[in-house]
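K.L.:
Got a structure here, written out as structure tokens. Questions coming.
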Amino acid sequence: MSRASPELLGRLLDEHGAALVLYAQQWCETPEDVVQEAFLALVRQAALPENLVAWLYRVVRNEALSASRASGRRSKREAAVAHAGEPWFEPREGERLDAAAAARALERLPIEQRETIVARLWGGLSFDQIAELTGSAKSTVHRWYERGLATLRERLGICPQKKKTGSTT
Amino acid sequence: MSAEEENRLDDLKEIEAALASLVPRGDRLSRDRLMFLAGQASVARRGQDGAVRAARWAWPSAFAAMSAVAASLLVALLVRPETGSGDRIAHVSAPVRPPAEKPAAADRTPASSLQPPDSSLQTPDSRLSAHVQATSLRFPPPRDSYHELLARVLDRGLDAWKPPAGSGATVPAAAPATYRELLETLLETSSS
């Protein structure tokens, strides 16, 4: 298998760069550096991995965890100041959800639920890939996903649609 | 999957779709910087690959070269030609001396003179003469050599000097080859 070409690198960057940054942001304060290192690690690979996207997410996860441990010496106050007010999503008019409110609600979720939702919704990974990524069972990952979405729905005030029933009383 | 689970998933479809409509920020990554660093990493990787390839071949090459040198040295040791550089033991037979001329009858020493003289009656010169003579008996000098002449002169004085050839002195036909023959010759000379 060939190595990463500049065209492939640009395409991966366009399609998955932003989601990877959002994924890395769940652990560390320097997600851009982590994603950049992941892409450079891909360039250094002698042969391309089987599943490029899943491989990138795995590398980003490991790098972000390492960066999180390295930055653990920094005080929480410094980290809070450094990342206060950085929006996770691009603000767009006419969205059903307020992006900042969604980011705040997402940030309050447990890390495993947050990671699963980000990898599933914006990363496009399957539950199998997320299970392999996190080293958990697929059913566990599915449960995290459901619980996270339910919590977000409550916090964001989105009411479920009424199901149409065949008979009325 | 039960109906309750299906209902729960259907309930989550709406929030799932709403969240999926959000777009993560794409301006946080510098595309130009990343491509530049990727080019650098690619060049470094090529250099590293070359170094790894060279390191992979270095030891086998060195091993093969050393083995070839050792094998060639072994072959050279086994098939090397005989050279004269080593130590050799040469057996050389001693040359047979031609028989010396017999001394003149007047110069022949009596047998008693070969006996070691009494040291108390001898002068240092005579003792030296006796010593030289005894030595010359034990280690026979070559005939007509300087030693023989010296011993004779020291023993009997300058009169014992052998006259040069052609001066009328008698020359024996053949000189004794051994001391025993010499002794017998002397005894015969003295008895006659």
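Within each chain, counting starts at residue 1; across the structure tokens, chains are named A, B, ... in the order shown, with ligands numbered 1 upward in that order.
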May I ask you to extract the residues of chain A within 7 Å of chain B, using only C-alpha atoms, and to give them as a list in words?
P.N.:
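Residues satisfying the distance criterion: Ala18, Ala19, Leu22, Glu32, Gln36, Leu40, Val43, Arg44, Trp88, Phe89, Glu90, Arg96, Leu97, Ala99, Leu121, Trp122, Leu149, Ala150, Arg153, Ile158, Pro160 and Gln161 of chain A.
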K.L.:
Quick one: write out the picked residues with N, CA and C atoms as an mmCIF file, in the first residue's frame?
P.N.:
data_model
loop_
_atom_site.group_PDB
_atom_site.id
_atom_site.type_symbol
_atom_site.label_atom_id
_atom_site.label_comp_id
_atom_site.auth_asym_id
_atom_site.auth_seq_id
_atom_site.Cartn_x
_atom_site.Cartn_y
_atom_site.Cartn_z
ATOM 1 N N ALA A 18 -11.833 19.337 10.941
ATOM 2 C CA ALA A 18 -12.602 20.058 11.957
ATOM 3 C C ALA A 18 -13.184 19.110 13.002
ATOM 4 N N ALA A 19 -13.708 17.964 12.529
ATOM 5 C CA ALA A 19 -14.268 16.997 13.478
ATOM 6 C C ALA A 19 -13.176 16.409 14.375
ATOM 7 N N LEU A 22 -12.496 18.901 17.050
ATOM 8 C CA LEU A 22 -13.563 18.839 18.055
ATOM 9 C C LEU A 22 -13.419 17.602 18.942
ATOM 10 N N GLU A 32 -5.587 21.612 18.171
ATOM 11 C CA GLU A 32 -5.016 21.828 16.827
ATOM 12 C C GLU A 32 -3.649 21.150 16.699
ATOM 13 N N GLN A 36 -2.681 18.107 14.196
ATOM 14 C CA GLN A 36 -1.543 18.297 13.294
ATOM 15 C C GLN A 36 -0.533 17.169 13.441
ATOM 16 N N LEU A 40 0.764 14.420 10.658
ATOM 17 C CA LEU A 40 2.196 14.212 10.385
ATOM 18 C C LEU A 40 2.586 12.755 10.635
ATOM 19 N N VAL A 43 1.757 10.934 7.613
ATOM 20 C CA VAL A 43 2.753 11.137 6.550
ATOM 21 C C VAL A 43 3.961 10.245 6.776
ATOM 22 N N ARG A 44 4.319 10.053 8.039
ATOM 23 C CA ARG A 44 5.519 9.258 8.343
ATOM 24 C C ARG A 44 5.278 7.757 8.198
ATOM 25 N N TRP A 88 -17.202 25.889 19.775
ATOM 26 C CA TRP A 88 -16.902 24.582 19.199
ATOM 27 C C TRP A 88 -17.408 24.472 17.760
ATOM 28 N N PHE A 89 -18.510 25.197 17.520
ATOM 29 C CA PHE A 89 -19.175 25.052 16.218
ATOM 30 C C PHE A 89 -19.230 26.400 15.523
ATOM 31 N N GLU A 90 -19.375 26.303 14.229
ATOM 32 C CA GLU A 90 -19.485 27.535 13.450
ATOM 33 C C GLU A 90 -20.911 28.077 13.606
ATOM 34 N N ARG A 96 -31.452 25.065 14.192
ATOM 35 C CA ARG A 96 -32.473 24.686 15.181
ATOM 36 C C ARG A 96 -31.921 24.782 16.593
ATOM 37 N N LEU A 97 -30.612 24.582 16.693
ATOM 38 C CA LEU A 97 -29.987 24.598 18.016
ATOM 39 C C LEU A 97 -29.042 25.783 18.116
ATOM 40 N N ALA A 99 -25.641 27.007 18.863
ATOM 41 C CA ALA A 99 -24.363 26.288 18.846
ATOM 42 C C ALA A 99 -23.640 26.408 20.178
ATOM 43 N N LEU A 121 -21.526 11.454 15.621
ATOM 44 C CA LEU A 121 -22.253 12.488 14.890
ATOM 45 C C LEU A 121 -21.357 13.263 13.915
ATOM 46 N N TRP A 122 -20.207 13.692 14.357
ATOM 47 C CA TRP A 122 -19.377 14.555 13.502
ATOM 48 C C TRP A 122 -18.221 13.807 12.865
ATOM 49 N N LEU A 149 -27.391 11.471 24.340
ATOM 50 C CA LEU A 149 -28.386 12.199 23.539
ATOM 51 C C LEU A 149 -29.608 12.561 24.386
ATOM 52 N N ALA A 150 -30.020 11.649 25.227
ATOM 53 C CA ALA A 150 -31.181 11.926 26.081
ATOM 54 C C ALA A 150 -30.892 13.083 27.022
ATOM 55 N N ARG A 153 -30.917 16.274 25.036
ATOM 56 C CA ARG A 153 -32.286 16.656 24.667
ATOM 57 C C ARG A 153 -32.986 17.345 25.837
ATOM 58 N N ILE A 158 -35.357 20.122 23.764
ATOM 59 C CA ILE A 158 -35.959 19.642 22.525
ATOM 60 C C ILE A 158 -36.930 18.526 22.875
ATOM 61 N N PRO A 160 -39.443 15.506 22.172
ATOM 62 C CA PRO A 160 -39.604 14.471 21.149
ATOM 63 C C PRO A 160 -40.877 14.663 20.355
ATOM 64 N N GLN A 161 -40.856 14.279 19.086
ATOM 65 C CA GLN A 161 -42.042 14.414 18.256
ATOM 66 C C GLN A 161 -43.080 13.407 18.706
#
K.L.:
Please provide the set of residues having any atom within 10 Å of A:Val34, restricted to only C-alpha atoms, with same-chain residues fewer than 4 positions apart removed, written as a list in words.
P.N.:
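Contacts, with the query itself left out: Leu20, Val21, Ala24, Gln25, Cys28, Glu29, Thr30, Ala38, Phe39, Leu40, Val59, Val60, Arg61, Asn62, Glu63, Ala64, Leu65, Ser66 and Ala67 of chain A.
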K.L.:
Running DSSP on the backbone, which parts of stretch 19-156 of chain A land in helix (DSSP H, G or I), as a PyMOL selection string?
P.N.:
chain A and resi 19-24+31-44+52-73+76-83+99-107+111-121+127-134+138-156
K.L.:
Could you name the residues that touch A:Ile117 at 9 Å or less, counting only C-alpha atoms, but leaving out those on the same chain fewer than 4 positions away, as a PyMOL selection string?
P.N.:
chain A and resi 106+112-113+121-123+144-146+148-149
K.L.:
Find the distance between atom CA of A:Ile130 and atom CA of A:Pro49 and write it in Å to one decimal.
P.N.:
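Interatomic distance, atom CA of A:Ile130 to atom CA of A:Pro49: 16.7 Å.
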K.L.:
Nearest to A:Ala47: which of A:Ser5, A:Arg114, A:Arg147, A:Gln129 is it, counting only C-alpha atoms?
P.N.:
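With only C-alpha atoms as the atom set, the closest residue is A:Ser5.
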